[in-house]
Amino acid sequence: MKKAILFLFLILFQIKVFACPVCERNQPKVLRGIVHGSGPDSNWDYLSIIITMIIAILALIYSIKWLVQPNENNQNHIKYSIFK
């Protein structure tokens, strides 16, 4: 667990290295050092990114939840054919 936290910290710390100086200069303060390319054209861009992030995070949470504890108790489920 400690290794995973350290790994995530190092990745987040190094993320500033990925943006080139030209892209960093063109980005708004919030996104400097994180992304490449031109900055967002309007506030609708931020809204679409936030909605996409929420959907991705929910998908990750539910996929982990259902992988860890699927709650499938039906004896005819296909997974039981593998266990036999």
# chains A, B, ... in the order shown; residues from 1 in each chain; ligands from 1
call {"tool": "select_by_dssp", "arguments": {"residues": "chain A", "states": "alpha helix (DSSP H)", "output": "number ranges by chain"}}
result
A: 2-14, 21-26, 43-68, 78-83
call {"tool": "residues_around", "arguments": {"residues": "region 44-46 of chain A", "least_positions_apart": "5", "cutoff": "12 Å", "atoms": "only C-alpha atoms", "output": "ChimeraX atom specification"}}
result
/A:28,30-31,38-39,51-53
call {"tool": "decode", "arguments": {"residues": "region 33-48 of chain A", "atoms": "N, CA, C and O atoms", "output": "PDB file, in the first residue's frame"}}
result
ATOM      1  N   GLY A  33       1.010  23.613 -16.972  1.00  0.00           N
ATOM      2  CA  GLY A  33       1.862  22.506 -16.580  1.00  0.00           C
ATOM      3  C   GLY A  33       1.194  21.161 -16.616  1.00  0.00           C
ATOM      4  O   GLY A  33       1.818  20.156 -16.328  1.00  0.00           O
ATOM      5  N   ILE A  34      -0.077  21.099 -16.977  1.00  0.00           N
ATOM      6  CA  ILE A  34      -0.795  19.828 -16.958  1.00  0.00           C
ATOM      7  C   ILE A  34      -1.120  19.344 -18.363  1.00  0.00           C
ATOM      8  O   ILE A  34      -0.960  18.179 -18.675  1.00  0.00           O
ATOM      9  N   VAL A  35      -1.577  20.243 -19.233  1.00  0.00           N
ATOM     10  CA  VAL A  35      -2.047  19.830 -20.556  1.00  0.00           C
ATOM     11  C   VAL A  35      -1.285  20.536 -21.666  1.00  0.00           C
ATOM     12  O   VAL A  35      -0.674  21.578 -21.456  1.00  0.00           O
ATOM     13  N   HIS A  36      -1.362  19.956 -22.856  1.00  0.00           N
ATOM     14  CA  HIS A  36      -0.743  20.524 -24.047  1.00  0.00           C
ATOM     15  C   HIS A  36      -1.811  21.191 -24.906  1.00  0.00           C
ATOM     16  O   HIS A  36      -2.990  20.982 -24.724  1.00  0.00           O
ATOM     17  N   GLY A  37      -1.377  21.945 -25.880  1.00  0.00           N
ATOM     18  CA  GLY A  37      -2.289  22.525 -26.851  1.00  0.00           C
ATOM     19  C   GLY A  37      -2.825  23.868 -26.409  1.00  0.00           C
ATOM     20  O   GLY A  37      -2.398  24.452 -25.421  1.00  0.00           O
ATOM     21  N   SER A  38      -3.777  24.335 -27.209  1.00  0.00           N
ATOM     22  CA  SER A  38      -4.377  25.629 -26.878  1.00  0.00           C
ATOM     23  C   SER A  38      -5.314  25.481 -25.690  1.00  0.00           C
ATOM     24  O   SER A  38      -5.830  24.397 -25.414  1.00  0.00           O
ATOM     25  N   GLY A  39      -5.568  26.556 -25.033  1.00  0.00           N
ATOM     26  CA  GLY A  39      -6.456  26.545 -23.878  1.00  0.00           C
ATOM     27  C   GLY A  39      -7.909  26.410 -24.297  1.00  0.00           C
ATOM     28  O   GLY A  39      -8.236  26.436 -25.474  1.00  0.00           O
ATOM     29  N   PRO A  40      -8.785  26.255 -23.336  1.00  0.00           N
ATOM     30  CA  PRO A  40     -10.203  26.141 -23.641  1.00  0.00           C
ATOM     31  C   PRO A  40     -10.728  27.420 -24.292  1.00  0.00           C
ATOM     32  O   PRO A  40     -10.293  28.519 -23.967  1.00  0.00           O
ATOM     33  N   ASP A  41     -11.672  27.249 -25.239  1.00  0.00           N
ATOM     34  CA  ASP A  41     -12.221  28.391 -25.953  1.00  0.00           C
ATOM     35  C   ASP A  41     -13.294  29.123 -25.161  1.00  0.00           C
ATOM     36  O   ASP A  41     -13.481  30.317 -25.310  1.00  0.00           O
ATOM     37  N   SER A  42     -14.039  28.383 -24.340  1.00  0.00           N
ATOM     38  CA  SER A  42     -15.108  29.011 -23.564  1.00  0.00           C
ATOM     39  C   SER A  42     -15.335  28.223 -22.286  1.00  0.00           C
ATOM     40  O   SER A  42     -14.694  27.203 -22.041  1.00  0.00           O
ATOM     41  N   ASN A  43     -16.278  28.687 -21.479  1.00  0.00           N
ATOM     42  CA  ASN A  43     -16.591  27.986 -20.232  1.00  0.00           C
ATOM     43  C   ASN A  43     -17.297  26.656 -20.497  1.00  0.00           C
ATOM     44  O   ASN A  43     -17.306  25.787 -19.637  1.00  0.00           O
ATOM     45  N   TRP A  44     -17.881  26.492 -21.677  1.00  0.00           N
ATOM     46  CA  TRP A  44     -18.527  25.223 -22.014  1.00  0.00           C
ATOM     47  C   TRP A  44     -17.497  24.100 -22.089  1.00  0.00           C
ATOM     48  O   TRP A  44     -17.823  22.945 -21.836  1.00  0.00           O
ATOM     49  N   ASP A  45     -16.278  24.427 -22.444  1.00  0.00           N
ATOM     50  CA  ASP A  45     -15.220  23.419 -22.467  1.00  0.00           C
ATOM     51  C   ASP A  45     -14.961  22.877 -21.067  1.00  0.00           C
ATOM     52  O   ASP A  45     -14.787  21.672 -20.875  1.00  0.00           O
ATOM     53  N   TYR A  46     -14.921  23.758 -20.081  1.00  0.00           N
ATOM     54  CA  TYR A  46     -14.731  23.320 -18.691  1.00  0.00           C
ATOM     55  C   TYR A  46     -15.897  22.440 -18.247  1.00  0.00           C
ATOM     56  O   TYR A  46     -15.698  21.420 -17.578  1.00  0.00           O
ATOM     57  N   LEU A  47     -17.112  22.833 -18.618  1.00  0.00           N
ATOM     58  CA  LEU A  47     -18.288  22.058 -18.235  1.00  0.00           C
ATOM     59  C   LEU A  47     -18.241  20.657 -18.833  1.00  0.00           C
ATOM     60  O   LEU A  47     -18.503  19.666 -18.133  1.00  0.00           O
ATOM     61  N   SER A  48     -17.881  20.546 -20.097  1.00  0.00           N
ATOM     62  CA  SER A  48     -17.822  19.228 -20.723  1.00  0.00           C
ATOM     63  C   SER A  48     -16.718  18.370 -20.098  1.00  0.00           C
ATOM     64  O   SER A  48     -16.895  17.163 -19.926  1.00  0.00           O
TER      65      SER A  48
END
